[in-house]
Amino acid sequence: MRFTSAGRLAAVASAALLLLGGAATSAQAAAPGPVVYSIDFSNPQEQDDNNLPEPYGRVWVQSPWGEETALWEHPDVGINTPTLPRYPDHGPYETRYADHPVTEVCAFVNEDDTGINIDDELAAGCVPVWGPGEYTIHGDDGSVTITLYEV
């Protein structure tokens, strides 16, 4: 079966519309703007006097080309790493502005066990963002759940 030039033109136009429609939908779903969120740190292996994690590391959202907006960061300060089961610790959520499309949320978070044993890995990696919802990133010893209320 041979395509006529009108048939070829229709097929090309149809494919172009499908591609453009998909691109427009992705760009709209991940448009730059406010990111409203909270973060929960889970370390089931924590066994100190309060059984709460002392997390350190970084949580961020990123664009398809790798541009990042930090949502939470804390250095490892050994015995002085604060206990933090949830961020923000006061109020239901935090807001940051991402001046780029958001396609992934990432977390590389450890938990301080100074003087007890080696530090625990709570989260290591990235997951795709499809819109508001809960996104859990796992590590060897726990997890970090980022709830996006608006993105």
# chains A, B, ... in the order shown; residues from 1 in each chain; ligands from 1
$ residues_around --residues "stretch 111-114 of chain A" --least-positions-apart "3" --cutoff "8 Å" --atoms "only C-alpha atoms" --output "list in words"
Asn43, Pro53, Glu54, Pro55, Tyr56, Asp76, Gly78, Ile79, Thr81, Asn117, Ile118, Asp119, Asp120, Glu121 and Leu122 of chain A
$ write_last_selection --atoms "all heavy atoms" --output "compact mmCIF listing (two decimals), in the first residue's frame"
# COMPACT_ATOMS: atom_id res chain seq x y z
N ASN A 43 13.39 6.45 60.72
CA ASN A 43 14.52 5.56 60.98
C ASN A 43 14.08 4.50 61.98
O ASN A 43 14.22 4.68 63.19
CB ASN A 43 15.72 6.34 61.52
CG ASN A 43 16.93 5.45 61.70
OD1 ASN A 43 16.95 4.32 61.28
ND2 ASN A 43 17.96 5.98 62.35
N PRO A 53 14.97 10.42 65.00
CA PRO A 53 16.17 10.56 64.16
C PRO A 53 16.86 11.91 64.30
O PRO A 53 16.22 12.91 64.63
CB PRO A 53 15.61 10.38 62.75
CG PRO A 53 14.20 10.83 62.84
CD PRO A 53 13.74 10.46 64.23
N GLU A 54 18.16 11.90 64.05
CA GLU A 54 18.96 13.12 63.95
C GLU A 54 19.47 13.19 62.51
O GLU A 54 20.60 12.80 62.23
CB GLU A 54 20.14 13.09 64.94
CG GLU A 54 19.74 13.09 66.40
CD GLU A 54 19.47 11.69 66.97
OE1 GLU A 54 19.94 10.69 66.39
OE2 GLU A 54 18.77 11.62 67.99
N PRO A 55 18.62 13.64 61.58
CA PRO A 55 18.99 13.58 60.15
C PRO A 55 19.95 14.70 59.74
O PRO A 55 19.95 15.79 60.30
CB PRO A 55 17.65 13.75 59.44
CG PRO A 55 16.83 14.56 60.38
CD PRO A 55 17.26 14.16 61.76
N TYR A 56 20.75 14.38 58.74
CA TYR A 56 21.57 15.39 58.07
C TYR A 56 21.65 15.02 56.60
O TYR A 56 21.48 13.86 56.22
CB TYR A 56 22.95 15.51 58.71
CG TYR A 56 23.83 14.28 58.58
CD1 TYR A 56 24.67 14.11 57.48
CD2 TYR A 56 23.81 13.30 59.56
CE1 TYR A 56 25.46 12.99 57.36
CE2 TYR A 56 24.61 12.17 59.44
CZ TYR A 56 25.44 12.02 58.35
OH TYR A 56 26.23 10.90 58.23
N ASP A 76 26.25 17.47 58.84
CA ASP A 76 26.51 16.53 59.92
C ASP A 76 27.37 17.25 60.95
O ASP A 76 28.50 17.63 60.67
CB ASP A 76 27.25 15.30 59.38
CG ASP A 76 27.57 14.29 60.47
OD1 ASP A 76 27.06 14.43 61.59
OD2 ASP A 76 28.33 13.36 60.17
N GLY A 78 27.86 15.88 64.05
CA GLY A 78 28.16 14.87 65.06
C GLY A 78 27.12 14.84 66.16
O GLY A 78 25.91 14.85 65.91
N ILE A 79 27.59 14.83 67.38
CA ILE A 79 26.72 14.72 68.54
C ILE A 79 25.73 15.89 68.63
O ILE A 79 24.70 15.80 69.28
CB ILE A 79 27.56 14.61 69.84
CG1 ILE A 79 26.69 14.14 71.01
CG2 ILE A 79 28.25 15.90 70.16
CD1 ILE A 79 26.61 12.67 71.12
N THR A 81 24.03 17.18 66.05
CA THR A 81 22.99 17.13 65.01
C THR A 81 21.64 17.06 65.72
O THR A 81 21.41 16.17 66.53
CB THR A 81 23.18 15.92 64.09
OG1 THR A 81 24.50 15.98 63.52
CG2 THR A 81 22.14 15.90 62.98
N ASN A 117 27.30 3.69 66.62
CA ASN A 117 27.71 2.84 65.50
C ASN A 117 27.81 3.71 64.26
O ASN A 117 27.73 4.93 64.35
CB ASN A 117 26.73 1.66 65.31
CG ASN A 117 25.29 2.13 65.16
OD1 ASN A 117 25.03 3.24 64.68
ND2 ASN A 117 24.35 1.31 65.58
N ILE A 118 27.93 3.10 63.09
CA ILE A 118 28.02 3.91 61.87
C ILE A 118 26.67 4.58 61.60
O ILE A 118 25.62 4.06 62.00
CB ILE A 118 28.47 3.07 60.65
CG1 ILE A 118 27.48 1.95 60.35
CG2 ILE A 118 29.86 2.51 60.86
CD1 ILE A 118 27.73 1.28 59.02
N ASP A 119 26.70 5.73 60.96
CA ASP A 119 25.48 6.47 60.67
C ASP A 119 24.56 5.68 59.74
O ASP A 119 25.02 4.93 58.89
CB ASP A 119 25.80 7.82 60.03
CG ASP A 119 26.43 8.79 61.03
OD1 ASP A 119 26.53 8.43 62.22
OD2 ASP A 119 26.81 9.88 60.61
N ASP A 120 23.25 5.86 59.93
CA ASP A 120 22.25 5.18 59.11
C ASP A 120 21.96 5.97 57.85
O ASP A 120 21.97 7.20 57.87
CB ASP A 120 20.95 5.00 59.90
CG ASP A 120 21.12 4.09 61.11
OD1 ASP A 120 21.94 3.17 61.04
OD2 ASP A 120 20.41 4.30 62.10
N GLU A 121 21.67 5.27 56.76
CA GLU A 121 21.26 5.90 55.50
C GLU A 121 19.74 5.87 55.42
O GLU A 121 19.14 4.82 55.33
CB GLU A 121 21.85 5.15 54.31
CG GLU A 121 21.43 5.74 52.97
CD GLU A 121 21.94 4.90 51.81
OE1 GLU A 121 23.07 5.16 51.37
OE2 GLU A 121 21.21 3.99 51.37
N LEU A 122 19.12 7.06 55.48
CA LEU A 122 17.67 7.14 55.42
C LEU A 122 17.15 7.22 53.99
O LEU A 122 16.10 6.67 53.68
CB LEU A 122 17.16 8.35 56.21
CG LEU A 122 17.49 8.38 57.70
CD1 LEU A 122 16.78 9.54 58.36
CD2 LEU A 122 17.17 7.07 58.36
$ closest_residue --among "A:Ala31, A:Ala124, A:Val129, A:Ala70" --to "A:Thr95" --atoms "only C-alpha atoms"
A:Ala70
$ closest_residue --among "A:Phe108, A:Glu150, A:Tyr37, A:Leu71" --to "A:Tyr93" --atoms "only C-alpha atoms"
A:Tyr37
$ residues_around --residues "A:Asp89" --least-positions-apart "4" --cutoff "12 Å" --atoms "only C-alpha atoms" --output "ChimeraX atom specification"
/A:38-41,72,82-85,93-94
$ select_by_dssp --residues "stretch 71-140 of chain A" --states "strand (DSSP E)" --output "VMD selection string"
chain A and resid 71 to 74 86 to 87 94 to 98 104 to 111 120 to 128 133 to 138
$ closest_residue --among "A:Asn110, A:Glu68, A:Asn51, A:Ser42" --to "A:Thr136" --atoms "only C-alpha atoms"
A:Ser42
$ residues_around --residues "A:Arg96" --least-positions-apart "3" --cutoff "8 Å" --atoms "only C-alpha atoms" --output "PyMOL selection string"
chain A and resi 34-36+69+71
$ atom_distance --atom1 "atom CA of A:Pro132" --atom2 "atom CA of A:Trp60"
15.1 Å
